[in-house]
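Everything below belongs to coords.tsv, which stores TSV, C-alpha atoms.
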chain	number	residue	atom	x	y	z
A	1	MET	CA	0.00	0.00	0.00
A	2	SER	CA	1.40	3.41	-0.93
A	3	GLN	CA	2.29	6.03	1.66
A	4	GLU	CA	-0.26	8.39	0.08
A	5	VAL	CA	-3.09	5.93	0.73
A	6	THR	CA	-1.92	5.38	4.30
A	7	GLU	CA	-1.98	9.11	5.03
A	8	ARG	CA	-5.42	9.58	3.52
A	9	ALA	CA	-7.03	6.41	4.86
A	10	ARG	CA	-10.50	6.95	6.29
A	11	LEU	CA	-11.39	3.31	6.86
A	12	GLU	CA	-9.00	0.48	7.64
A	13	ALA	CA	-9.24	-3.27	8.10
A	14	ILE	CA	-6.32	-4.73	10.03
A	15	ASP	CA	-5.82	-8.51	10.08
A	16	LEU	CA	-9.60	-8.83	9.91
A	17	THR	CA	-10.70	-12.42	10.47
A	18	ARG	CA	-14.15	-13.94	10.92
A	19	ALA	CA	-14.80	-17.58	11.79
A	20	PHE	CA	-18.11	-19.42	11.96
A	21	GLY	CA	-17.24	-22.47	14.03
A	22	GLU	CA	-14.41	-24.19	12.16
A	23	HIS	CA	-15.14	-22.34	8.90
A	24	TYR	CA	-13.23	-19.11	8.19
A	25	ALA	CA	-15.18	-16.65	6.05
A	26	LEU	CA	-12.40	-14.04	6.20
A	27	ILE	CA	-8.72	-14.56	6.93
A	28	GLU	CA	-6.38	-11.70	7.87
A	29	VAL	CA	-7.84	-9.10	5.55
A	30	ASN	CA	-5.80	-5.89	5.42
A	31	ALA	CA	-7.08	-2.92	3.43
A	32	GLN	CA	-7.34	0.86	3.53
A	33	TRP	CA	-9.93	3.05	1.86
A	34	ARG	CA	-9.70	6.76	1.11
A	35	ALA	CA	-12.26	9.52	1.36
A	36	GLY	CA	-13.97	10.20	-1.96
A	37	GLU	CA	-13.41	6.88	-3.70
A	38	VAL	CA	-15.59	4.03	-4.95
A	39	CYS	CA	-14.11	0.59	-4.33
A	40	ALA	CA	-15.56	-2.46	-6.06
A	41	LEU	CA	-15.58	-5.60	-3.92
A	42	LEU	CA	-15.15	-8.63	-6.16
A	43	GLY	CA	-14.99	-12.38	-5.80
A	44	PRO	CA	-16.99	-15.56	-6.41
A	45	ASN	CA	-19.87	-16.61	-4.20
A	46	GLY	CA	-18.54	-17.56	-0.79
A	47	ALA	CA	-15.44	-15.40	-1.11
A	48	GLY	CA	-16.35	-13.38	2.00
A	49	LYS	CA	-17.68	-10.19	0.43
A	50	SER	CA	-20.89	-9.94	2.46
A	51	THR	CA	-19.05	-10.91	5.63
A	52	LEU	CA	-16.54	-8.12	5.10
A	53	LEU	CA	-19.30	-5.56	4.55
A	54	CYS	CA	-21.10	-6.71	7.69
A	55	LEU	CA	-17.90	-6.34	9.71
A	56	LEU	CA	-17.24	-2.87	8.31
A	57	SER	CA	-20.82	-1.85	9.06
A	58	THR	CA	-20.57	-2.96	12.75
A	59	LEU	CA	-23.44	-5.42	12.22
A	60	MET	CA	-21.06	-8.29	12.89
A	61	ALA	CA	-18.07	-8.58	15.22
A	62	ALA	CA	-14.68	-9.82	14.04
A	63	SER	CA	-13.16	-12.99	15.46
A	64	GLU	CA	-9.75	-11.34	15.23
A	65	GLY	CA	-8.36	-8.05	13.96
A	66	GLU	CA	-9.99	-4.64	13.96
A	67	VAL	CA	-11.74	-1.99	11.90
A	68	ILE	CA	-10.69	1.66	12.25
A	69	LEU	CA	-12.94	4.50	11.09
A	70	GLU	CA	-11.43	7.99	11.07
A	71	GLY	CA	-8.85	6.96	13.63
A	72	VAL	CA	-11.31	5.28	16.02
A	73	THR	CA	-11.29	1.51	16.48
A	74	LEU	CA	-14.76	0.01	16.09
A	75	SER	CA	-15.69	-1.77	19.29
A	76	ARG	CA	-18.86	-2.40	21.25
A	77	GLN	CA	-18.30	0.91	23.00
A	78	SER	CA	-17.65	2.97	19.86
A	79	ALA	CA	-19.96	1.20	17.39
A	80	ALA	CA	-23.16	2.97	18.47
A	81	GLU	CA	-21.47	6.37	18.25
A	82	LEU	CA	-19.90	5.69	14.86
A	83	ARG	CA	-22.83	3.85	13.26
A	84	GLY	CA	-24.39	7.12	12.15
A	85	LYS	CA	-21.33	7.69	9.97
A	86	ILE	CA	-21.87	4.40	8.12
A	87	GLY	CA	-24.61	3.84	5.56
A	88	PHE	CA	-25.38	0.20	4.74
A	89	VAL	CA	-27.51	-1.43	2.05
A	90	GLY	CA	-27.57	-5.22	2.42
A	91	HIS	CA	-29.49	-8.18	1.06
A	92	GLN	CA	-32.26	-7.56	3.58
A	93	THR	CA	-33.88	-4.17	3.04
A	94	MET	CA	-34.80	-3.90	6.73
A	95	VAL	CA	-37.63	-1.43	6.15
A	96	TYR	CA	-40.62	-1.56	8.46
A	97	GLY	CA	-43.58	-2.84	6.46
A	98	ALA	CA	-46.22	-1.33	8.76
A	99	LEU	CA	-44.84	2.17	8.18
A	100	THR	CA	-45.03	4.40	5.12
A	101	ALA	CA	-41.89	5.38	3.23
A	102	LEU	CA	-41.94	8.79	4.91
A	103	GLU	CA	-42.46	7.26	8.36
A	104	ASN	CA	-39.58	4.84	7.80
A	105	LEU	CA	-37.18	7.70	7.05
A	106	ARG	CA	-38.50	9.74	9.98
A	107	PHE	CA	-37.81	6.81	12.31
A	108	PHE	CA	-34.21	6.47	11.14
A	109	ALA	CA	-33.63	10.22	11.20
A	110	GLN	CA	-34.67	10.19	14.86
A	111	LEU	CA	-32.53	7.12	15.54
A	112	TYR	CA	-29.36	8.62	14.06
A	113	HIS	CA	-30.05	12.23	15.11
A	114	CYS	CA	-29.21	13.37	11.61
A	115	TRP	CA	-31.58	16.31	11.18
A	116	PRO	CA	-30.00	19.36	9.48
A	117	ALA	CA	-29.59	22.50	11.56
A	118	GLY	CA	-32.86	24.36	12.02
A	119	VAL	CA	-35.05	21.50	10.81
A	120	HIS	CA	-35.61	19.26	13.83
A	121	GLY	CA	-38.72	20.13	15.82
A	122	ASP	CA	-40.53	21.73	12.88
A	123	ILE	CA	-42.75	18.97	11.46
A	124	ASP	CA	-43.28	20.71	8.12
A	125	ALA	CA	-39.55	21.35	7.70
A	126	GLU	CA	-38.75	17.77	8.70
A	127	ASP	CA	-41.22	16.38	6.17
A	128	GLN	CA	-39.85	18.65	3.44
A	129	TRP	CA	-36.30	17.48	4.12
A	130	LEU	CA	-37.33	13.81	4.19
A	131	MET	CA	-39.29	14.23	0.96
A	132	GLU	CA	-36.14	15.48	-0.75
A	133	SER	CA	-34.48	12.15	0.10
A	134	ILE	CA	-37.52	10.27	-1.16
A	135	ARG	CA	-37.53	12.24	-4.42
A	136	ASP	CA	-33.83	11.53	-4.88
A	137	VAL	CA	-34.62	7.81	-5.14
A	138	GLY	CA	-37.73	8.26	-7.28
A	139	LEU	CA	-40.36	7.34	-4.69
A	140	GLU	CA	-42.19	10.66	-4.31
A	141	GLN	CA	-45.47	9.15	-5.55
A	142	ALA	CA	-45.23	6.39	-2.94
A	143	ALA	CA	-44.13	8.47	0.07
A	144	GLY	CA	-47.43	7.95	1.90
A	145	ARG	CA	-47.82	4.25	1.08
A	146	VAL	CA	-47.25	1.47	3.59
A	147	THR	CA	-44.05	-0.28	2.53
A	148	SER	CA	-45.38	-3.82	2.99
A	149	GLY	CA	-46.85	-3.39	-0.50
A	150	PHE	CA	-43.59	-2.23	-2.08
A	151	SER	CA	-41.85	-4.23	-4.78
A	152	ARG	CA	-38.27	-5.37	-4.19
A	153	GLY	CA	-37.00	-2.50	-6.32
A	154	MET	CA	-39.02	0.09	-4.41
A	155	SER	CA	-37.81	-1.28	-1.07
A	156	GLN	CA	-34.25	-1.18	-2.38
A	157	ARG	CA	-34.66	2.48	-3.31
A	158	LEU	CA	-36.01	3.30	0.14
A	159	THR	CA	-33.15	1.42	1.78
A	160	LEU	CA	-30.70	3.53	-0.20
A	161	ALA	CA	-32.48	6.73	0.88
A	162	ARG	CA	-32.21	5.57	4.48
A	163	ALA	CA	-28.50	4.79	4.11
A	164	LEU	CA	-27.80	8.23	2.64
A	165	LEU	CA	-29.93	10.11	5.16
A	166	PRO	CA	-27.11	11.01	7.60
A	167	ASP	CA	-24.73	11.89	4.71
A	168	PRO	CA	-22.44	9.08	5.88
A	169	ALA	CA	-18.66	9.11	5.78
A	170	VAL	CA	-18.76	5.51	4.54
A	171	LEU	CA	-21.40	3.91	2.29
A	172	LEU	CA	-21.43	0.10	2.09
A	173	LEU	CA	-23.48	-1.51	-0.69
A	174	ASP	CA	-24.10	-5.25	-1.02
A	175	GLU	CA	-25.61	-6.02	-4.44
A	176	PRO	CA	-27.37	-2.62	-4.54
A	177	PHE	CA	-28.73	-3.04	-8.07
A	178	THR	CA	-30.90	-6.05	-7.17
A	179	GLY	CA	-34.51	-5.54	-8.25
A	180	LEU	CA	-33.86	-2.20	-9.96
A	181	ASP	CA	-34.88	-1.43	-13.53
A	182	ARG	CA	-32.56	0.51	-15.83
A	183	ALA	CA	-33.92	3.87	-14.67
A	184	GLY	CA	-33.39	2.83	-11.08
A	185	ILE	CA	-29.83	1.68	-11.79
A	186	ASP	CA	-28.99	4.96	-13.52
A	187	SER	CA	-30.47	6.91	-10.61
A	188	LEU	CA	-28.47	4.87	-8.10
A	189	CYS	CA	-25.26	5.40	-10.08
A	190	GLN	CA	-25.83	9.15	-9.96
A	191	LEU	CA	-26.43	9.05	-6.19
A	192	ILE	CA	-23.23	7.05	-5.69
A	193	SER	CA	-21.27	9.50	-7.85
A	194	ASP	CA	-22.73	12.43	-5.91
A	195	ALA	CA	-21.79	10.78	-2.61
A	196	ARG	CA	-18.23	10.23	-3.82
A	197	ASP	CA	-18.02	13.88	-4.90
A	198	ARG	CA	-19.00	14.88	-1.36
A	199	GLY	CA	-16.07	12.85	-0.03
A	200	THR	CA	-17.94	9.68	0.94
A	201	THR	CA	-16.01	6.40	0.89
A	202	VAL	CA	-18.10	3.91	-1.09
A	203	ILE	CA	-17.47	0.15	-1.02
A	204	MET	CA	-19.79	-1.93	-3.15
A	205	SER	CA	-20.20	-5.57	-4.04
A	206	SER	CA	-22.06	-6.36	-7.25
A	207	HIS	CA	-22.18	-9.01	-9.93
A	208	ASP	CA	-23.12	-6.26	-12.41
A	209	LEU	CA	-19.57	-5.62	-13.58
A	210	GLU	CA	-20.56	-3.33	-16.43
A	211	THR	CA	-22.39	-0.92	-14.14
A	212	THR	CA	-19.82	-1.19	-11.37
A	213	ALA	CA	-17.03	-0.37	-13.83
A	214	ARG	CA	-18.71	2.99	-14.49
A	215	LEU	CA	-18.19	3.96	-10.86
A	216	ALA	CA	-15.21	2.16	-9.35
A	217	ASP	CA	-11.80	3.75	-8.80
A	218	ARG	CA	-10.25	0.65	-7.21
A	219	ALA	CA	-11.13	-2.99	-6.76
A	220	LEU	CA	-10.57	-5.36	-3.85
A	221	VAL	CA	-10.69	-9.01	-4.89
A	222	LEU	CA	-11.43	-11.73	-2.35
A	223	LYS	CA	-11.02	-15.45	-2.81
A	224	ARG	CA	-11.73	-18.01	-0.09
A	225	GLY	CA	-11.71	-15.26	2.49
A	226	ARG	CA	-8.31	-13.81	1.59
A	227	VAL	CA	-7.34	-10.68	-0.32
A	228	GLN	CA	-6.17	-11.72	-3.76
A	229	ALA	CA	-5.71	-8.23	-5.21
A	230	PHE	CA	-6.33	-4.59	-4.32
A	231	GLU	CA	-5.61	-2.37	-7.29
A	232	GLU	CA	-6.34	0.95	-8.95
A	233	LEU	CA	-8.48	0.63	-12.06
A	234	ASN	CA	-7.15	2.16	-15.27
A	235	ARG	CA	-6.71	1.37	-18.93
A	236	GLU	CA	-4.24	-1.39	-18.09
A	237	VAL	CA	-6.26	-2.98	-15.26
A	238	SER	CA	-9.98	-3.53	-15.83
A	239	LEU	CA	-12.69	-4.71	-13.46
A	240	SER	CA	-13.48	-7.76	-15.58
A	241	GLU	CA	-9.80	-8.75	-15.67
A	242	LEU	CA	-9.57	-8.66	-11.88
A	243	TYR	CA	-12.81	-10.63	-11.54
A	244	LEU	CA	-11.55	-13.31	-13.91
A	245	ARG	CA	-8.40	-13.65	-11.76
A	246	SER	CA	-10.57	-14.51	-8.76
A	247	ALA	CA	-12.32	-17.26	-10.68
A	248	VAL	CA	-9.08	-19.08	-11.57
Could you rewrite the structure in this file as C-alpha cells?
Amino acid sequence: MSQEVTERARLEAIDLTRAFGEHYALIEVNAQWRAGEVCALLGPNGAGKSTLLCLLSTLMAASEGEVILEGVTLSRQSAAELRGKIGFVGHQTMVYGALTALENLRFFAQLYHCWPAGVHGDIDAEDQWLMESIRDVGLEQAAGRVTSGFSRGMSQRLTLARALLPDPAVLLLDEPFTGLDRAGIDSLCQLISDARDRGTTVIMSSHDLETTARLADRALVLKRGRVQAFEELNREVSLSELYLRSAV
C-alpha cells in the first residue's frame, strides 16, 4: 500500500478475520480506503464479500483483527457512536412494512439524530427534508404508502435513501442493483457518484460488472476469504480482468 493511501485512509481493516465455528469466512484481511473513492468488492460466491461488509458496518463482530474508522477503532463501545457515519444497504432491506416510506425515514432520522440544523422540531420542515431524500430515489409518488406493498425494487430504493440520510462518511453496498430497472440503476449510479463527490467512501459488491465499472476507482478481490488483489483501475487494469483472476 502506498504512503499516500496510508496518510489519507479513512477506513482500515487490520488482520480482519471472521470464523463461523471451524469455517473461516475471512482470513487476515488488510485494506485501507480513502475519502472520496468508490471501491468495487469482487470475488466468487462464498469469497467473504458480504461478511466483510457486515464487519465494516458494525453489524457483525470480528473474530480477530480490527476496523478503524477515522482513527477510532470500532468496538462495542464505539460502534453505536460511529454507526451514524456508516450507511449500509444489504441483502435484507430492513424497512418496516407497517410504516409508510416517509415514516420509515422519519424513524431512522430520529434514531441517528441526523436532522439538518434548524429542521428538527418543525414537522413541516422535517417532512420537506425527508421528501427530498424520497424524491432523490424516485419514490415521491409512494411516500405515503405502507411499505409492505412495495416491490423489491421500491424497497431497495427506500433502503438507499435511508443509508444516505445522515450523509455518511462511509457507504457500504451489497448487491445494490438487485430488483432495480434501468432507470433505477442509472439513478443509483448518480447518487453514488454524488456521494463520492461529497467525499464519501463507497465500497460496493455487485455481480453487475458493467455498471460497477462505471463507478469504481479501485477494486478489492477476495477469494476463499483472503485478499487476492487490491488495485487501482485504469486502462491497463480492468474490473473484468480482476474478476476473472478470482475465478481461476
My list of candidates is A:Leu42, A:Val89, A:Ala35, A:Ala109. Which is closest to Pro166 in chain A when distances are computed with all atoms listed in the file?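 Comparing A:Leu42, A:Val89, A:Ala35, A:Ala109 against Pro166 in chain A, the winner is A:Ala109.
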* Which protein, DNA or RNA residues have an atom at most 6 Å from (-19.6, 5.6, 0.1), counting all atoms listed in the file? List them as JSON, numbers by chain. -> {"A": [170, 171, 200, 201, 202, 203]}
Using all atoms listed in the file, the best pick from A:Glu175, A:Glu81, A:Glu37, A:Asp181 as closest to Ser206 in chain A would be A:Glu175
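The nearest approach to Ala229 in chain A among the residues A:Leu69, A:Gly199, A:Tyr112, A:Leu244, with all atoms listed in the file taken into account, belongs to A:Leu244.
Distance-wise, CA of Ala169 in chain A and CA of Lys85 in chain A end up 5.2 Å apart.
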Query raised in the report: Can you tell me how far CA of Arg152 in chain A sits from CA of Thr51 in chain A, in Å to one decimal?
Result: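 Separation between CA of Arg152 in chain A and CA of Thr51 in chain A: 22.3 Å.
Note that CA of Val38 in chain A and CA of Phe108 in chain A are 24.7 Å apart.
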Do you know which residues lie at most 12 Å from (-6.6, -5.0, -10.7), with coordinates as in the file and only C-alpha atoms counted, and could you write them as a tab-separated table (two decimals) with C-alpha atoms, keeping the file's coordinate frame?
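Writing the result to selection.tsv gives the following:
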chain	number	residue	atom	x	y	z
A	39	CYS	CA	-14.11	0.59	-4.33
A	40	ALA	CA	-15.56	-2.46	-6.06
A	41	LEU	CA	-15.58	-5.60	-3.92
A	42	LEU	CA	-15.15	-8.63	-6.16
A	213	ALA	CA	-17.03	-0.37	-13.83
A	216	ALA	CA	-15.21	2.16	-9.35
A	217	ASP	CA	-11.80	3.75	-8.80
A	218	ARG	CA	-10.25	0.65	-7.21
A	219	ALA	CA	-11.13	-2.99	-6.76
A	220	LEU	CA	-10.57	-5.36	-3.85
A	221	VAL	CA	-10.69	-9.01	-4.89
A	222	LEU	CA	-11.43	-11.73	-2.35
A	227	VAL	CA	-7.34	-10.68	-0.32
A	228	GLN	CA	-6.17	-11.72	-3.76
A	229	ALA	CA	-5.71	-8.23	-5.21
A	230	PHE	CA	-6.33	-4.59	-4.32
A	231	GLU	CA	-5.61	-2.37	-7.29
A	232	GLU	CA	-6.34	0.95	-8.95
A	233	LEU	CA	-8.48	0.63	-12.06
A	234	ASN	CA	-7.15	2.16	-15.27
A	235	ARG	CA	-6.71	1.37	-18.93
A	236	GLU	CA	-4.24	-1.39	-18.09
A	237	VAL	CA	-6.26	-2.98	-15.26
A	238	SER	CA	-9.98	-3.53	-15.83
A	239	LEU	CA	-12.69	-4.71	-13.46
A	240	SER	CA	-13.48	-7.76	-15.58
A	241	GLU	CA	-9.80	-8.75	-15.67
A	242	LEU	CA	-9.57	-8.66	-11.88
A	243	TYR	CA	-12.81	-10.63	-11.54
A	244	LEU	CA	-11.55	-13.31	-13.91
A	245	ARG	CA	-8.40	-13.65	-11.76
A	246	SER	CA	-10.57	-14.51	-8.76
Measuring between all atoms listed in the file, which one of A:Gly87, A:Trp115, A:Gly149, A:Leu11 shows the shortest distance to Ala195 in chain A?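 Smallest distance to Ala195 in chain A is found for A:Gly87.
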| request: Excluding Ser151 in chain A and any residue of its chain fewer than 2 positions from it, enumerate the residues within 12 Å of it, using all atoms listed in the file, and give them as a VMD selection string. | output: chain A and resid 93 97 139 142 145 to 149 153 to 158 178 to 181
From the list A:Thr159, A:Ser50, A:Thr211, A:Thr17, the nearest residue to Glu66 in chain A using only C-alpha atoms is A:Thr17
Just need the box for range 13-25 of chain A, edges along x, y and z, holding every atom the file lists for it with 8 Å tacked onto each side, so centre and edge lengths in Å to one decimal, as AutoDock Vina command-line options.
--center_x -12.0 --center_y -13.7 --center_z 10.0 --size_x 28.3 --size_y 36.9 --size_z 24.0
Judged by only C-alpha atoms, the minimum distance to Leu52 in chain A among A:Trp129, A:Tyr24, A:Phe177, A:Tyr96 is found for A:Tyr24
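When the distance limit is 10 Å and only C-alpha atoms are what count, the residues near Arg83 in chain A, minus those fewer than 5 positions from it on the same chain, are Ser57, Thr58, Leu59, Leu74, Ser78, Phe88, Tyr112, Pro168 and Val170 of chain A.
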Next item on the list: Within 9 Å of Val137 in chain A, counting all atoms listed in the file, which residues show up once you throw out same-chain ones fewer than 4 positions away? Write them as an NGL selection string, please.
Entry: :A and (132-133 or 154 or 157-158 or 160-161 or 184 or 187-188 or 191)
Could you write those residues out with C-alpha atoms, as a PDB file, keeping the file's coordinate frame?
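What follows is the written file result25.pdb:
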ATOM      1  CA  GLU A 132     -36.140  15.480  -0.750  1.00  0.00           C
ATOM      2  CA  SER A 133     -34.480  12.150   0.100  1.00  0.00           C
ATOM      3  CA  MET A 154     -39.020   0.090  -4.410  1.00  0.00           C
ATOM      4  CA  ARG A 157     -34.660   2.480  -3.310  1.00  0.00           C
ATOM      5  CA  LEU A 158     -36.010   3.300   0.140  1.00  0.00           C
ATOM      6  CA  LEU A 160     -30.700   3.530  -0.200  1.00  0.00           C
ATOM      7  CA  ALA A 161     -32.480   6.730   0.880  1.00  0.00           C
ATOM      8  CA  GLY A 184     -33.390   2.830 -11.080  1.00  0.00           C
ATOM      9  CA  SER A 187     -30.470   6.910 -10.610  1.00  0.00           C
ATOM     10  CA  LEU A 188     -28.470   4.870  -8.100  1.00  0.00           C
ATOM     11  CA  LEU A 191     -26.430   9.050  -6.190  1.00  0.00           C
TER      12      LEU A 191
END
Take the structure in the block and write a file for range 199-223 of chain A, N, CA and C atoms, as a PDB file, in the first residue's frame.
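Written out: part.pdb:
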ATOM      1  N   GLY A 199     -17.138  13.386  -0.862  1.00  0.00           N
ATOM      2  CA  GLY A 199     -16.075  12.847  -0.034  1.00  0.00           C
ATOM      3  C   GLY A 199     -16.404  11.545   0.650  1.00  0.00           C
ATOM      4  N   THR A 200     -17.555  10.955   0.341  1.00  0.00           N
ATOM      5  CA  THR A 200     -17.938   9.680   0.942  1.00  0.00           C
ATOM      6  C   THR A 200     -17.060   8.553   0.406  1.00  0.00           C
ATOM      7  N   THR A 201     -16.693   7.636   1.287  1.00  0.00           N
ATOM      8  CA  THR A 201     -16.008   6.404   0.892  1.00  0.00           C
ATOM      9  C   THR A 201     -17.072   5.370   0.566  1.00  0.00           C
ATOM     10  N   VAL A 202     -17.084   4.864  -0.657  1.00  0.00           N
ATOM     11  CA  VAL A 202     -18.102   3.909  -1.094  1.00  0.00           C
ATOM     12  C   VAL A 202     -17.435   2.567  -1.380  1.00  0.00           C
ATOM     13  N   ILE A 203     -17.949   1.506  -0.756  1.00  0.00           N
ATOM     14  CA  ILE A 203     -17.468   0.148  -1.016  1.00  0.00           C
ATOM     15  C   ILE A 203     -18.672  -0.673  -1.448  1.00  0.00           C
ATOM     16  N   MET A 204     -18.609  -1.246  -2.619  1.00  0.00           N
ATOM     17  CA  MET A 204     -19.787  -1.929  -3.153  1.00  0.00           C
ATOM     18  C   MET A 204     -19.437  -3.269  -3.767  1.00  0.00           C
ATOM     19  N   SER A 205     -20.293  -4.241  -3.452  1.00  0.00           N
ATOM     20  CA  SER A 205     -20.198  -5.570  -4.043  1.00  0.00           C
ATOM     21  C   SER A 205     -21.333  -5.728  -5.036  1.00  0.00           C
ATOM     22  N   SER A 206     -21.018  -6.165  -6.240  1.00  0.00           N
ATOM     23  CA  SER A 206     -22.062  -6.362  -7.250  1.00  0.00           C
ATOM     24  C   SER A 206     -21.570  -7.317  -8.322  1.00  0.00           C
ATOM     25  N   HIS A 207     -22.492  -8.140  -8.800  1.00  0.00           N
ATOM     26  CA  HIS A 207     -22.183  -9.008  -9.932  1.00  0.00           C
ATOM     27  C   HIS A 207     -22.379  -8.282 -11.263  1.00  0.00           C
ATOM     28  N   ASP A 208     -22.932  -7.057 -11.209  1.00  0.00           N
ATOM     29  CA  ASP A 208     -23.119  -6.258 -12.412  1.00  0.00           C
ATOM     30  C   ASP A 208     -21.817  -5.508 -12.697  1.00  0.00           C
ATOM     31  N   LEU A 209     -20.895  -6.194 -13.352  1.00  0.00           N
ATOM     32  CA  LEU A 209     -19.566  -5.620 -13.575  1.00  0.00           C
ATOM     33  C   LEU A 209     -19.606  -4.414 -14.501  1.00  0.00           C
ATOM     34  N   GLU A 210     -20.488  -4.444 -15.479  1.00  0.00           N
ATOM     35  CA  GLU A 210     -20.559  -3.329 -16.430  1.00  0.00           C
ATOM     36  C   GLU A 210     -20.947  -2.034 -15.722  1.00  0.00           C
ATOM     37  N   THR A 211     -21.962  -2.112 -14.866  1.00  0.00           N
ATOM     38  CA  THR A 211     -22.392  -0.922 -14.140  1.00  0.00           C
ATOM     39  C   THR A 211     -21.360  -0.512 -13.107  1.00  0.00           C
ATOM     40  N   THR A 212     -20.813  -1.485 -12.403  1.00  0.00           N
ATOM     41  CA  THR A 212     -19.817  -1.187 -11.373  1.00  0.00           C
ATOM     42  C   THR A 212     -18.590  -0.525 -11.970  1.00  0.00           C
ATOM     43  N   ALA A 213     -18.209  -0.938 -13.169  1.00  0.00           N
ATOM     44  CA  ALA A 213     -17.029  -0.367 -13.826  1.00  0.00           C
ATOM     45  C   ALA A 213     -17.207   1.118 -14.128  1.00  0.00           C
ATOM     46  N   ARG A 214     -18.451   1.567 -14.249  1.00  0.00           N
ATOM     47  CA  ARG A 214     -18.711   2.986 -14.492  1.00  0.00           C
ATOM     48  C   ARG A 214     -18.362   3.838 -13.283  1.00  0.00           C
ATOM     49  N   LEU A 215     -18.309   3.218 -12.107  1.00  0.00           N
ATOM     50  CA  LEU A 215     -18.192   3.959 -10.859  1.00  0.00           C
ATOM     51  C   LEU A 215     -16.872   3.762 -10.125  1.00  0.00           C
ATOM     52  N   ALA A 216     -16.302   2.558 -10.245  1.00  0.00           N
ATOM     53  CA  ALA A 216     -15.210   2.165  -9.351  1.00  0.00           C
ATOM     54  C   ALA A 216     -13.879   2.821  -9.705  1.00  0.00           C
ATOM     55  N   ASP A 217     -13.158   3.243  -8.663  1.00  0.00           N
ATOM     56  CA  ASP A 217     -11.799   3.753  -8.797  1.00  0.00           C
ATOM     57  C   ASP A 217     -10.766   2.669  -8.508  1.00  0.00           C
ATOM     58  N   ARG A 218     -11.117   1.771  -7.572  1.00  0.00           N
ATOM     59  CA  ARG A 218     -10.247   0.647  -7.212  1.00  0.00           C
ATOM     60  C   ARG A 218     -11.093  -0.596  -7.048  1.00  0.00           C
ATOM     61  N   ALA A 219     -10.423  -1.730  -6.967  1.00  0.00           N
ATOM     62  CA  ALA A 219     -11.126  -2.995  -6.759  1.00  0.00           C
ATOM     63  C   ALA A 219     -10.361  -3.849  -5.763  1.00  0.00           C
ATOM     64  N   LEU A 220     -11.102  -4.399  -4.807  1.00  0.00           N
ATOM     65  CA  LEU A 220     -10.570  -5.360  -3.848  1.00  0.00           C
ATOM     66  C   LEU A 220     -11.141  -6.719  -4.206  1.00  0.00           C
ATOM     67  N   VAL A 221     -10.270  -7.677  -4.476  1.00  0.00           N
ATOM     68  CA  VAL A 221     -10.690  -9.012  -4.892  1.00  0.00           C
ATOM     69  C   VAL A 221     -10.454  -9.995  -3.752  1.00  0.00           C
ATOM     70  N   LEU A 222     -11.517 -10.696  -3.376  1.00  0.00           N
ATOM     71  CA  LEU A 222     -11.434 -11.730  -2.348  1.00  0.00           C
ATOM     72  C   LEU A 222     -11.588 -13.103  -2.974  1.00  0.00           C
ATOM     73  N   LYS A 223     -10.866 -14.059  -2.397  1.00  0.00           N
ATOM     74  CA  LYS A 223     -11.023 -15.451  -2.806  1.00  0.00           C
ATOM     75  C   LYS A 223     -10.783 -16.331  -1.589  1.00  0.00           C
TER      76      LYS A 223
END
